>>> print(open('upload03.cif').read())   # mmCIF, C-alpha atoms
data_work
loop_
_atom_site.label_atom_id
_atom_site.label_comp_id
_atom_site.auth_asym_id
_atom_site.auth_seq_id
_atom_site.Cartn_x
_atom_site.Cartn_y
_atom_site.Cartn_z
CA MET A 1 134.23 110.25 93.21
CA GLU A 2 134.48 112.90 90.50
CA SER A 3 135.65 110.22 88.05
CA TYR A 4 132.37 108.36 88.65
CA VAL A 5 130.44 111.57 88.02
CA LEU A 6 132.23 111.97 84.68
CA GLU A 7 131.56 108.33 83.85
CA ALA A 8 127.85 108.78 84.55
CA VAL A 9 127.74 111.99 82.49
CA ASN A 10 129.31 110.25 79.50
CA ARG A 11 127.58 106.87 79.80
CA PHE A 12 124.08 108.27 80.19
CA GLY A 13 124.49 111.49 78.17
CA LEU A 14 123.48 113.66 81.13
CA ILE A 15 125.19 116.94 80.29
CA SER A 16 126.08 118.88 77.15
CA ALA A 17 128.52 121.79 76.84
CA GLY A 18 126.84 125.09 77.74
CA ASP A 19 124.21 123.50 80.03
CA ARG A 20 123.01 125.34 83.13
CA ILE A 21 122.70 122.84 85.99
CA THR A 22 120.60 123.52 89.09
CA VAL A 23 121.57 121.27 92.01
CA ALA A 24 118.70 120.17 94.27
CA LEU A 25 120.47 121.10 97.50
CA SER A 26 119.08 119.69 100.76
CA GLY A 27 122.27 120.33 102.71
CA GLY A 28 122.89 116.63 103.30
CA ALA A 29 126.13 114.85 102.39
CA ASP A 30 124.89 113.60 99.01
CA SER A 31 123.68 116.94 97.66
CA MET A 32 126.65 118.87 99.09
CA ALA A 33 129.03 116.41 97.44
CA LEU A 34 127.14 116.76 94.15
CA LEU A 35 127.29 120.57 94.26
CA ASN A 36 131.02 120.58 94.95
CA ALA A 37 131.77 117.92 92.33
CA LEU A 38 129.94 119.84 89.60
CA ILE A 39 131.63 123.10 90.60
CA SER A 40 134.99 121.35 90.47
CA LEU A 41 134.16 119.95 87.00
CA ARG A 42 132.32 122.94 85.57
CA GLU A 43 135.19 124.19 83.41
CA ARG A 44 135.89 120.71 82.06
CA LEU A 45 132.18 120.16 81.33
CA ASP A 46 131.63 123.79 80.22
CA ILE A 47 128.59 124.26 82.45
CA THR A 48 127.07 126.86 84.77
CA VAL A 49 126.06 125.66 88.24
CA ASP A 50 123.48 127.07 90.69
CA ALA A 51 121.40 125.52 93.46
CA ALA A 52 117.84 125.29 94.80
CA HIS A 53 116.57 124.47 98.29
CA LEU A 54 112.99 123.81 99.42
CA ASN A 55 112.01 123.96 103.11
CA HIS A 56 109.13 121.47 103.37
CA GLY A 57 107.85 122.83 106.67
CA ILE A 58 107.90 119.34 108.22
CA ARG A 59 110.85 119.24 110.66
CA GLY A 60 110.42 122.63 112.31
CA ALA A 61 113.62 124.16 113.68
CA GLU A 62 115.77 121.49 112.04
CA ALA A 63 114.40 122.39 108.59
CA ASP A 64 115.06 126.08 109.30
CA ARG A 65 118.61 125.15 110.29
CA ASP A 66 119.10 123.34 106.95
CA MET A 67 117.81 126.32 104.99
CA GLU A 68 120.09 128.70 106.86
CA PHE A 69 123.05 126.34 106.34
CA VAL A 70 122.68 126.08 102.54
CA THR A 71 122.00 129.83 102.27
CA ASP A 72 125.18 130.72 104.17
CA TYR A 73 127.23 128.16 102.26
CA CYS A 74 126.11 129.35 98.82
CA ASN A 75 126.49 133.04 99.76
CA SER A 76 130.03 132.49 101.01
CA ARG A 77 131.03 130.84 97.73
CA GLY A 78 129.13 133.06 95.32
CA ILE A 79 126.73 130.31 94.24
CA GLU A 80 123.29 131.50 93.14
CA LEU A 81 120.63 129.87 95.31
CA PHE A 82 116.87 129.65 94.84
CA CYS A 83 115.15 129.14 98.18
CA GLU A 84 111.50 128.68 99.09
CA ARG A 85 109.37 127.53 102.03
CA VAL A 86 106.16 125.46 101.68
CA ASP A 87 103.72 123.80 104.08
CA VAL A 88 103.75 120.16 102.99
CA PRO A 89 101.47 118.84 105.79
CA ALA A 90 98.76 121.37 104.90
CA PHE A 91 99.07 120.58 101.18
CA ALA A 92 98.83 116.86 101.95
CA ARG A 93 95.62 117.35 103.95
CA GLU A 94 94.02 119.60 101.34
CA ASN A 95 94.77 117.16 98.52
CA SER A 96 94.30 113.84 100.36
CA LEU A 97 97.92 112.81 99.80
CA SER A 98 100.49 111.12 102.01
CA THR A 99 103.11 113.48 103.42
CA GLU A 100 105.83 111.75 101.39
CA LEU A 101 103.89 112.05 98.11
CA ALA A 102 102.92 115.66 98.82
CA ALA A 103 106.55 116.57 99.57
CA ARG A 104 107.74 114.93 96.35
CA LYS A 105 105.11 116.70 94.26
CA LEU A 106 105.87 120.14 95.70
CA ARG A 107 109.62 119.56 95.51
CA TYR A 108 109.60 118.68 91.82
CA GLU A 109 107.20 121.51 90.99
CA PHE A 110 109.55 123.93 92.77
CA LEU A 111 112.63 122.60 90.98
CA GLU A 112 110.95 122.74 87.58
CA GLY A 113 109.86 126.29 88.33
CA VAL A 114 113.29 127.69 89.22
CA ALA A 115 115.48 125.72 86.81
CA ARG A 116 116.84 127.49 83.74
CA GLY A 117 118.21 124.30 82.28
CA LYS A 118 118.69 120.86 83.85
CA VAL A 119 118.18 119.85 87.48
CA ALA A 120 120.72 117.54 89.13
CA THR A 121 119.42 115.45 92.01
CA ALA A 122 121.76 113.61 94.39
CA HIS A 123 120.42 110.06 93.97
CA THR A 124 123.19 107.51 94.48
CA ALA A 125 123.88 103.84 93.78
CA SER A 126 122.92 103.20 97.41
CA ASP A 127 119.58 104.98 96.90
CA ASN A 128 119.03 102.89 93.79
CA LEU A 129 119.61 99.64 95.71
CA GLU A 130 117.16 100.71 98.42
CA THR A 131 114.58 101.73 95.79
CA VAL A 132 114.78 98.36 94.01
CA LEU A 133 114.43 96.46 97.29
CA PHE A 134 111.53 98.67 98.36
CA ASN A 135 109.74 98.15 95.03
CA LEU A 136 110.43 94.42 95.14
CA THR A 137 108.72 94.08 98.53
CA ARG A 138 105.64 95.84 97.07
CA GLY A 139 105.38 93.48 94.10
CA ALA A 140 106.68 95.87 91.44
CA SER A 141 106.51 95.39 87.68
CA LEU A 142 109.51 95.58 85.36
CA ASP A 143 109.37 99.39 85.54
CA GLY A 144 109.81 99.35 89.32
CA LEU A 145 112.72 96.92 89.15
CA CYS A 146 114.60 99.20 86.72
CA GLY A 147 115.42 101.40 89.69
CA ILE A 148 116.14 105.13 89.52
CA PRO A 149 116.52 106.33 85.91
CA PRO A 150 119.75 108.23 85.15
CA LYS A 151 117.67 110.99 83.54
CA ARG A 152 114.02 111.95 83.16
CA ASP A 153 112.94 115.07 81.34
CA ILE A 154 115.11 117.88 82.78
CA PHE A 155 116.23 115.82 85.80
CA ILE A 156 119.66 114.14 85.81
CA ARG A 157 121.42 111.93 88.42
CA PRO A 158 125.21 112.43 88.12
CA LEU A 159 125.87 110.51 91.39
CA LEU A 160 124.11 107.33 90.30
CA LEU A 161 127.38 105.39 89.98
CA CYS A 162 128.61 106.53 93.42
CA THR A 163 127.91 104.71 96.67
CA ARG A 164 127.06 106.49 99.90
CA GLY A 165 130.41 105.38 101.34
CA GLN A 166 132.30 107.01 98.48
CA ILE A 167 130.36 110.24 98.96
CA GLU A 168 131.10 110.38 102.69
CA GLU A 169 134.78 109.75 101.92
CA TYR A 170 134.72 112.59 99.34
CA CYS A 171 133.16 115.01 101.83
CA GLU A 172 135.79 114.13 104.42
CA LYS A 173 138.67 114.47 101.97
CA LYS A 174 137.44 117.81 100.60
CA ALA A 175 136.33 119.12 104.03
CA ILE A 176 132.82 119.64 102.70
CA PRO A 177 130.38 120.48 105.52
CA PHE A 178 126.86 119.02 105.57
CA VAL A 179 123.85 118.63 107.83
CA THR A 180 122.10 115.42 108.83
CA ASP A 181 118.35 114.92 108.55
CA SER A 182 117.30 113.27 111.84
CA THR A 183 114.51 111.35 110.08
CA ASN A 184 117.19 109.36 108.22
CA LEU A 185 118.23 107.84 111.56
CA SER A 186 114.76 106.56 112.48
CA ASP A 187 113.53 103.08 111.55
CA GLU A 188 109.95 104.35 111.47
CA TYR A 189 110.32 104.72 107.70
CA THR A 190 110.47 101.64 105.46
CA ARG A 191 113.44 102.92 103.47
CA ASN A 192 115.44 103.41 106.66
CA LYS A 193 114.69 99.83 107.76
CA ILE A 194 115.99 98.61 104.40
CA ARG A 195 119.07 100.85 104.72
CA HIS A 196 119.92 99.89 108.28
CA SER A 197 118.86 96.22 108.40
CA VAL A 198 118.65 94.69 104.91
CA VAL A 199 121.45 96.34 102.93
CA PRO A 200 124.21 95.40 105.45
CA VAL A 201 123.24 91.72 105.10
CA LEU A 202 123.35 91.92 101.31
CA LYS A 203 126.76 93.58 101.46
CA GLU A 204 128.05 90.72 103.58
CA ILE A 205 127.15 88.46 100.66
CA ASN A 206 128.50 90.89 98.04
CA PRO A 207 130.35 94.04 99.15
CA ALA A 208 129.67 95.48 95.69
CA ALA A 209 125.90 94.94 95.98
CA GLU A 210 125.13 98.48 94.80
CA ARG A 211 127.07 98.02 91.57
CA ALA A 212 125.59 94.55 90.99
CA VAL A 213 122.08 95.96 91.25
CA LEU A 214 123.01 98.91 89.00
CA LYS A 215 124.13 96.38 86.36
CA THR A 216 120.85 94.46 86.68
CA CYS A 217 118.86 97.69 86.43
CA GLY A 218 120.71 98.63 83.26
CA LEU A 219 119.90 95.28 81.64
CA LEU A 220 116.25 95.48 82.71
CA ARG A 221 116.06 99.06 81.43
CA GLU A 222 117.14 97.87 77.97
CA ASP A 223 114.33 95.30 77.97
CA LYS A 224 111.86 97.92 79.17
CA GLU A 225 112.88 100.38 76.44
CA LEU A 226 112.39 97.74 73.74
CA LEU A 227 108.94 96.83 75.07
CA SER A 228 108.02 100.49 75.42
CA ARG A 229 108.97 101.27 71.81
CA SER A 230 106.94 98.32 70.56
CA ALA A 231 103.98 99.39 72.71
CA GLU A 232 104.13 102.96 71.36
CA GLU A 233 104.12 101.72 67.78
CA LEU A 234 101.14 99.46 68.45
CA LEU A 235 99.32 102.24 70.28
CA PHE A 236 99.50 104.71 67.42
CA ALA A 237 98.65 102.00 64.87
CA ASN A 238 95.42 101.22 66.73
CA LEU A 239 94.23 104.68 67.81
CA THR A 240 90.98 105.88 66.24
CA ASP A 241 90.35 109.46 65.15
CA ASN A 242 88.15 110.05 68.20
CA GLY A 243 90.80 108.84 70.66
CA CYS A 244 89.64 105.26 71.26
CA LEU A 245 91.91 102.20 71.23
CA LEU A 246 90.93 99.42 68.84
CA LEU A 247 91.09 96.11 70.69
CA THR A 248 91.05 93.58 67.84
CA GLU A 249 94.85 93.38 67.51
CA LEU A 250 95.52 94.01 71.19
CA ARG A 251 93.53 90.91 72.16
CA LEU A 252 95.94 88.80 70.08
CA LEU A 253 99.07 90.18 71.75
CA ASP A 254 101.07 88.60 74.53
CA ALA A 255 99.81 89.92 77.88
CA ALA A 256 103.13 91.65 78.70
CA LEU A 257 102.99 93.77 75.53
CA ALA A 258 99.22 94.30 75.62
CA LYS A 259 99.42 95.73 79.15
CA ARG A 260 102.12 98.16 78.06
CA VAL A 261 99.93 99.35 75.19
CA ILE A 262 97.08 99.89 77.66
CA LYS A 263 99.35 101.79 80.07
CA ALA A 264 100.63 104.02 77.28
CA PHE A 265 97.06 104.62 76.07
CA ILE A 266 95.77 105.68 79.50
CA GLU A 267 98.75 107.96 80.10
CA LYS A 268 98.18 109.56 76.67
CA CYS A 269 94.49 110.14 77.43
CA ALA A 270 95.06 111.37 80.98
CA GLY A 271 98.48 112.92 81.50
CA GLY A 272 99.50 112.98 85.14
CA VAL A 273 97.49 109.94 86.20
CA SER A 274 99.47 107.65 88.52
CA LEU A 275 98.81 104.03 87.58
CA GLU A 276 99.57 101.00 89.70
CA THR A 277 99.75 97.38 88.56
CA VAL A 278 96.23 96.73 89.87
CA HIS A 279 94.81 99.41 87.53
CA ILE A 280 96.57 98.01 84.46
CA GLU A 281 95.41 94.48 85.31
CA ALA A 282 91.81 95.64 85.71
CA VAL A 283 91.78 97.47 82.38
CA TYR A 284 93.46 94.54 80.63
CA ASN A 285 90.77 92.18 81.95
CA ILE A 286 87.88 94.28 80.61
CA ALA A 287 89.74 94.86 77.32
CA LEU A 288 89.66 91.11 76.67
CA SER A 289 85.85 91.18 76.67
CA CYS A 290 83.88 94.22 77.73
CA GLY A 291 83.10 96.17 80.89
CA ARG A 292 84.10 99.17 82.92
CA THR A 293 86.61 99.83 85.70
CA SER A 294 87.57 102.82 87.83
CA LEU A 295 90.92 104.61 87.62
CA PRO A 296 92.53 107.37 89.73
CA LEU A 297 91.48 111.03 89.28
CA ASN A 298 87.77 110.13 88.86
CA LEU A 299 88.48 108.45 85.52
CA SER A 300 86.97 105.23 84.19
CA ALA A 301 88.08 102.86 81.45
CA VAL A 302 85.30 101.43 79.28
CA SER A 303 85.59 98.48 76.90
CA GLU A 304 82.78 97.92 74.40
CA ASN A 305 82.32 97.16 70.72
CA LYS A 306 85.99 96.15 70.43
CA MET A 307 87.11 99.60 71.55
CA LEU A 308 88.63 100.97 74.76
CA TYR A 309 88.17 104.56 75.86
CA ILE A 310 88.66 106.73 78.96
CA ILE A 311 85.95 108.93 80.42
CA ASP A 312 86.09 111.63 83.07
CA GLU A 313 83.28 110.87 85.50
CA CYS A 314 83.11 114.45 86.84
CA GLU A 315 83.06 115.94 83.35
CA ASN A 316 80.42 113.50 82.14
CA ALA A 317 78.26 114.15 85.17
CA GLN A 318 78.32 117.85 84.32
CA LYS A 319 77.72 117.28 80.59
CA GLN A 320 74.99 114.66 80.93
CA PRO A 321 72.35 115.69 78.35
CA GLU A 322 68.75 116.31 79.39
CA TYR A 323 65.93 115.65 76.97
CA VAL A 324 62.43 117.03 76.39
CA VAL A 325 60.07 114.47 74.85
CA GLN A 326 56.83 115.57 73.14
CA ILE A 327 54.11 113.08 72.18
CA SER A 328 51.37 114.25 69.82
CA GLU A 329 48.39 112.31 68.47
CA THR A 330 47.56 112.58 64.79
CA ALA A 331 45.67 110.78 62.03
CA ASN A 332 47.63 108.36 59.91
CA ASN A 333 48.23 110.24 56.70
CA PHE A 334 51.79 109.02 56.27
CA PHE A 335 50.88 106.13 53.96
CA GLU A 336 48.61 107.98 51.53
CA ASN A 337 48.77 106.89 47.90
CA GLY A 338 51.08 104.04 48.83
CA GLN A 339 54.00 106.38 49.52
CA LYS A 340 57.05 105.00 51.28
CA VAL A 341 57.66 106.38 54.78
CA ASN A 342 61.15 107.39 55.85
CA ASN A 343 62.63 104.79 58.23
CA LEU A 344 63.86 107.51 60.60
CA LEU A 345 60.29 108.77 60.95
CA LEU A 346 58.94 105.27 61.53
CA LYS A 347 61.32 104.92 64.48
CA ASN A 348 59.34 107.69 66.21
CA LEU A 349 55.75 106.61 65.42
CA LEU A 350 53.51 104.43 67.61
CA ASP A 351 50.14 102.86 66.80
CA CYS A 352 47.73 104.41 69.33
CA ASP A 353 45.36 101.43 69.29
CA LYS A 354 48.10 99.00 70.22
CA ILE A 355 49.16 100.84 73.36
CA ILE A 356 48.21 99.03 76.58
CA GLY A 357 47.21 101.32 79.43
CA LYS A 358 49.08 104.64 79.84
CA LEU A 359 52.30 105.87 78.28
CA VAL A 360 55.12 106.90 80.61
CA CYS A 361 58.34 108.63 79.56
CA ARG A 362 61.35 107.66 81.70
CA THR A 363 64.89 106.36 81.50
CA ARG A 364 65.83 102.68 81.43
CA GLN A 365 65.18 100.44 84.41
CA SER A 366 66.81 97.20 85.45
CA GLY A 367 65.38 94.28 83.48
CA ASP A 368 63.88 96.41 80.68
CA SER A 369 63.54 94.45 77.44
CA VAL A 370 61.80 94.85 74.10
CA ARG A 371 61.34 93.19 70.74
CA LEU A 372 62.09 95.94 68.24
CA LYS A 373 60.35 96.26 64.89
CA ASN A 374 61.67 93.78 62.32
CA ARG A 375 63.83 92.06 64.93
CA GLY A 376 63.45 88.37 65.54
CA CYS A 377 63.63 88.25 69.32
CA THR A 378 63.25 90.14 72.58
CA LYS A 379 66.43 91.61 74.04
CA LEU A 380 67.43 93.47 77.17
CA LEU A 381 68.01 97.19 76.69
CA THR A 382 71.52 96.70 78.03
CA ARG A 383 72.34 94.44 75.07
CA ILE A 384 70.56 96.69 72.58
CA TYR A 385 72.55 99.71 73.73
CA SER A 386 75.76 97.73 73.33
CA GLU A 387 74.81 96.52 69.84
CA GLU A 388 73.88 100.06 68.82
CA ARG A 389 77.27 101.31 70.14
CA ILE A 390 75.71 103.86 72.44
CA PRO A 391 78.40 105.16 74.83
CA VAL A 392 78.10 103.77 78.34
CA HIS A 393 78.02 107.18 80.02
CA LEU A 394 74.96 108.24 77.98
CA ARG A 395 72.77 105.18 78.50
CA ASP A 396 71.22 106.19 81.81
CA SER A 397 70.08 109.55 80.42
CA LEU A 398 68.42 108.39 77.18
CA PRO A 399 64.60 108.66 77.24
CA VAL A 400 62.47 105.52 77.04
CA ILE A 401 58.66 105.32 76.61
CA ALA A 402 56.75 102.43 78.14
CA ASP A 403 53.11 101.39 78.49
CA ASP A 404 51.61 99.05 81.09
CA LYS A 405 53.12 96.04 79.32
CA GLY A 406 56.66 97.36 78.91
CA VAL A 407 58.99 99.38 76.70
CA VAL A 408 57.49 100.58 73.40
CA TRP A 409 60.13 103.11 72.24
CA ILE A 410 63.84 103.83 72.76
CA TYR A 411 65.36 107.15 71.78
CA GLY A 412 67.62 106.81 68.76
CA VAL A 413 66.87 103.10 68.39
CA GLY A 414 63.22 102.54 67.45
CA VAL A 415 59.81 101.18 68.47
CA ALA A 416 58.52 97.88 69.76
CA HIS A 417 57.31 95.49 67.10
CA ARG A 418 53.89 95.22 68.77
CA CYS A 419 53.27 98.98 68.50
CA ALA A 420 54.77 99.69 65.09
CA VAL A 421 52.61 101.58 62.58
CA CYS A 422 51.60 100.35 59.16
CA GLY A 423 49.20 101.35 56.37
CA LYS A 424 46.23 100.04 58.37
CA THR A 425 47.00 102.14 61.45
CA ALA A 426 44.22 104.68 62.14
CA ARG A 427 45.71 106.88 64.86
CA ILE A 428 49.36 107.61 65.53
CA PHE A 429 51.45 108.91 68.39
CA LYS A 430 54.29 110.98 66.93
CA ILE A 431 57.36 111.42 69.18
CA ASP A 432 59.66 114.45 69.00
CA VAL A 433 62.80 114.76 71.13
CA PHE A 434 64.84 117.87 71.90
CA GLU A 435 67.89 118.39 74.04
CA LYS A 436 67.18 120.81 76.87
CA GLY A 437 68.05 124.30 75.73
CA GLU A 438 66.99 123.75 72.11
CA ASN A 439 63.96 125.55 70.73
CA VAL A 440 61.02 123.30 71.47
CA LYS A 441 58.09 123.41 69.04
#
>>> encode(input="upload03.cif", output="structure tokens")
Amino acid sequence: MESYVLEAVNRFGLISAGDRITVALSGGADSMALLNALISLRERLDITVDAAHLNHGIRGAEADRDMEFVTDYCNSRGIELFCERVDVPAFARENSLSTELAARKLRYEFLEGVARGKVATAHTASDNLETVLFNLTRGASLDGLCGIPPKRDIFIRPLLLCTRGQIEEYCEKKAIPFVTDSTNLSDEYTRNKIRHSVVPVLKEINPAAERAVLKTCGLLREDKELLSRSAEELLFANLTDNGCLLLTELRLLDAALAKRVIKAFIEKCAGGVSLETVHIEAVYNIALSCGRTSLPLNLSAVSENKMLYIIDECENAQKQPEYVVQISETANNFFENGQKVNNLLLKNLLDCDKIIGKLVCRTRQSGDSVRLKNRGCTKLLTRIYSEERIPVHLRDSLPVIADDKGVVWIYGVGVAHRCAVCGKTARIFKIDVFEKGENVK
């Protein structure tokens, strides 16, 4: 088995001379074999080895037994051990996570916290086969079919070329003790059903099924890495200064590459977001035209004006601007002596005598439309906002003024053609707008 560990180290570049390796030690056969293999090879690899154990607080007395076992084992052999206890079920409830996801999150946070170098986890070729089958049954993308990566950040998998049978044989030969997690024997869990019922059938067809799948994963990983590099290059070539993704070129790409660009963009904007295929598909669909779709962590993706951007719904709700609108009546002295009036000012002037009924200041309503000054037709406010490139998350807060006939003014856009002022206008309504908190005149 140790020869396979060395092969994995060399093939995948897992370890460099002088590395400090922390073994994620559960006490099971896989992790105990990994710890002993690395200790046996530490002089040859020129590494320092320690271990870390996390009691998840799930299996009660059995979990306490495992913690006591690894503690005694490491103490008896002079191996430094980092040990901690957490309450995974409570964390899962508090954060609305499944127990499995909560355990994984806390486990990796613990390992990252105690490691002083790299962390070696005891994932095997058998685990990889089960992972690929599990992902396949869920309808995984290329990423899911690549299986368990040999390394990710500080995490390395030196046992990835070893099967579970080889590990059990190694433990027996070296008289390495280990404990057995009772949950691994139950078919209540999907992975166990695959392990106990599906894998044996596959191994009847090909006894080397684990290695065959490892080979396939390696080939798929090469394809994935090529696509990922291309996606990264396209992403950075189409990023705007304000963090939006230009969609003009993306819309011309093959769907497989375009979706990878989108995935990379979302992950860049929101580190830590966990995306599933359904999220990428939804964002890709709106990117081809326009629209909005929800993402995990209270995020939304918005496509408009040939740009894609990500907004935080909680943050935007807190930062939604509030406006104070003042309307004052005055005589028309803006056109005296034939002087030209600034267009920005004209956007905030209404002809008093052309107003029908009473003026009301509000925000937009469904079906609102207006023919703006010097525009040839009446348009819905929804379309006007889009043409004016007003961000989606601001549109419901922008002030609108309407009379009994309809909209006569839109903040930042202009006035209705029917109420626009000219040199013949006698009385004028002048509109001033301030954000709440500014000094109001």
>>> resolve_selection(input="upload03.cif", expression="the PyMOL selection byres ((chain A and resi 16) around 12)", output="ChimeraX atom specification")
/A:6,9-10,12-15,17-21,42,44-48,117-118,156
>>> residues_around(input="upload03.cif", residues="Ser328 in chain A", least_positions_apart="6", cutoff="8 Å", atoms="all atoms listed in the file", output="list of chain:residue names")
A:Phe429, A:Lys430, A:Ile431
>>> resolve_selection(input="upload03.cif", expression="the PyMOL selection byres ((chain A and resi 149-151) around 12)", output="PDB file with C-alpha atoms, keeping the file's coordinate frame")
ATOM      1  CA  VAL A   5     130.440 111.570  88.020  1.00  0.00           C
ATOM      2  CA  GLU A   7     131.560 108.330  83.850  1.00  0.00           C
ATOM      3  CA  ALA A   8     127.850 108.780  84.550  1.00  0.00           C
ATOM      4  CA  VAL A   9     127.740 111.990  82.490  1.00  0.00           C
ATOM      5  CA  ASN A  10     129.310 110.250  79.500  1.00  0.00           C
ATOM      6  CA  ARG A  11     127.580 106.870  79.800  1.00  0.00           C
ATOM      7  CA  PHE A  12     124.080 108.270  80.190  1.00  0.00           C
ATOM      8  CA  GLY A  13     124.490 111.490  78.170  1.00  0.00           C
ATOM      9  CA  LEU A  14     123.480 113.660  81.130  1.00  0.00           C
ATOM     10  CA  ILE A  15     125.190 116.940  80.290  1.00  0.00           C
ATOM     11  CA  LYS A 118     118.690 120.860  83.850  1.00  0.00           C
ATOM     12  CA  VAL A 119     118.180 119.850  87.480  1.00  0.00           C
ATOM     13  CA  ALA A 120     120.720 117.540  89.130  1.00  0.00           C
ATOM     14  CA  THR A 121     119.420 115.450  92.010  1.00  0.00           C
ATOM     15  CA  ALA A 122     121.760 113.610  94.390  1.00  0.00           C
ATOM     16  CA  HIS A 123     120.420 110.060  93.970  1.00  0.00           C
ATOM     17  CA  THR A 124     123.190 107.510  94.480  1.00  0.00           C
ATOM     18  CA  ALA A 125     123.880 103.840  93.780  1.00  0.00           C
ATOM     19  CA  ASP A 127     119.580 104.980  96.900  1.00  0.00           C
ATOM     20  CA  ASN A 128     119.030 102.890  93.790  1.00  0.00           C
ATOM     21  CA  THR A 131     114.580 101.730  95.790  1.00  0.00           C
ATOM     22  CA  VAL A 132     114.780  98.360  94.010  1.00  0.00           C
ATOM     23  CA  ASP A 143     109.370  99.390  85.540  1.00  0.00           C
ATOM     24  CA  GLY A 144     109.810  99.350  89.320  1.00  0.00           C
ATOM     25  CA  LEU A 145     112.720  96.920  89.150  1.00  0.00           C
ATOM     26  CA  CYS A 146     114.600  99.200  86.720  1.00  0.00           C
ATOM     27  CA  GLY A 147     115.420 101.400  89.690  1.00  0.00           C
ATOM     28  CA  ILE A 148     116.140 105.130  89.520  1.00  0.00           C
ATOM     29  CA  ARG A 152     114.020 111.950  83.160  1.00  0.00           C
ATOM     30  CA  ASP A 153     112.940 115.070  81.340  1.00  0.00           C
ATOM     31  CA  ILE A 154     115.110 117.880  82.780  1.00  0.00           C
ATOM     32  CA  PHE A 155     116.230 115.820  85.800  1.00  0.00           C
ATOM     33  CA  ILE A 156     119.660 114.140  85.810  1.00  0.00           C
ATOM     34  CA  ARG A 157     121.420 111.930  88.420  1.00  0.00           C
ATOM     35  CA  PRO A 158     125.210 112.430  88.120  1.00  0.00           C
ATOM     36  CA  LEU A 159     125.870 110.510  91.390  1.00  0.00           C
ATOM     37  CA  LEU A 160     124.110 107.330  90.300  1.00  0.00           C
ATOM     38  CA  LEU A 161     127.380 105.390  89.980  1.00  0.00           C
ATOM     39  CA  LEU A 214     123.010  98.910  89.000  1.00  0.00           C
ATOM     40  CA  CYS A 217     118.860  97.690  86.430  1.00  0.00           C
ATOM     41  CA  GLY A 218     120.710  98.630  83.260  1.00  0.00           C
ATOM     42  CA  LEU A 220     116.250  95.480  82.710  1.00  0.00           C
ATOM     43  CA  ARG A 221     116.060  99.060  81.430  1.00  0.00           C
ATOM     44  CA  GLU A 222     117.140  97.870  77.970  1.00  0.00           C
ATOM     45  CA  LYS A 224     111.860  97.920  79.170  1.00  0.00           C
ATOM     46  CA  GLU A 225     112.880 100.380  76.440  1.00  0.00           C
TER      47      GLU A 225
END
>>> resolve_selection(input="upload03.cif", expression="the PyMOL selection byres ((chain A and resi 407) around 9)", output="PDB file with C-alpha atoms, in the frame of the given file")
ATOM      1  CA  ARG A 364      65.830 102.680  81.430  1.00  0.00           C
ATOM      2  CA  ASP A 368      63.880  96.410  80.680  1.00  0.00           C
ATOM      3  CA  SER A 369      63.540  94.450  77.440  1.00  0.00           C
ATOM      4  CA  VAL A 370      61.800  94.850  74.100  1.00  0.00           C
ATOM      5  CA  ARG A 371      61.340  93.190  70.740  1.00  0.00           C
ATOM      6  CA  VAL A 400      62.470 105.520  77.040  1.00  0.00           C
ATOM      7  CA  ILE A 401      58.660 105.320  76.610  1.00  0.00           C
ATOM      8  CA  ALA A 402      56.750 102.430  78.140  1.00  0.00           C
ATOM      9  CA  ASP A 403      53.110 101.390  78.490  1.00  0.00           C
ATOM     10  CA  ASP A 404      51.610  99.050  81.090  1.00  0.00           C
ATOM     11  CA  LYS A 405      53.120  96.040  79.320  1.00  0.00           C
ATOM     12  CA  GLY A 406      56.660  97.360  78.910  1.00  0.00           C
ATOM     13  CA  VAL A 408      57.490 100.580  73.400  1.00  0.00           C
ATOM     14  CA  TRP A 409      60.130 103.110  72.240  1.00  0.00           C
ATOM     15  CA  ILE A 410      63.840 103.830  72.760  1.00  0.00           C
ATOM     16  CA  VAL A 415      59.810 101.180  68.470  1.00  0.00           C
ATOM     17  CA  ALA A 416      58.520  97.880  69.760  1.00  0.00           C
TER      18      ALA A 416
END
>>> residues_near_point(input="upload03.cif", point="(121.6, 117.0, 100.7)", cutoff="10 Å", atoms="all atoms listed in the file", output="PyMOL selection string")
chain A and resi 23-35+53+66+70+121-123+178-181
>>> axis_aligned_box(input="upload03.cif", around="range 87-91 of chain A", padding_each_side="6 Å", output="lines of an AutoDock Vina configuration file")
center_x = 101.3
center_y = 121.3
center_z = 103.5
size_x = 17.0
size_y = 17.0
size_z = 16.6
>>> atom_distance(input="upload03.cif", atom1="CA of Gly243 in chain A", atom2="CA of Ser300 in chain A")
14.5 Å
>>> atom_distance(input="upload03.cif", atom1="CA of Ala92 in chain A", atom2="CA of Arg107 in chain A")
12.9 Å
>>> atom_distance(input="upload03.cif", atom1="CA of Gly57 in chain A", atom2="CA of Ala90 in chain A")
9.4 Å
>>> closest_residue(input="upload03.cif", among="A:Val278, A:Val413, A:Leu288, A:Leu106", to="Gly139 in chain A", atoms="only C-alpha atoms")
A:Val278
>>> residues_around(input="upload03.cif", residues="Tyr309 in chain A", least_positions_apart="6", cutoff="8 Å", atoms="all atoms listed in the file", output="count of residues only")
6
>>> closest_atom_pairs(input="upload03.cif", of="range 175-265 of chain A", to="range 168-171 of chain A", cutoff="8 Å", atoms="all atoms listed in the file", output="Markdown table")
| residue | atom | partner | partner_atom | distance |
| --- | --- | --- | --- | --- |
| A:Ala175 | CA | A:Cys171 | CA | 5.6 |
| A:Ile176 | CA | A:Cys171 | CA | 4.7 |
| A:Pro177 | CA | A:Cys171 | CA | 7.2 |
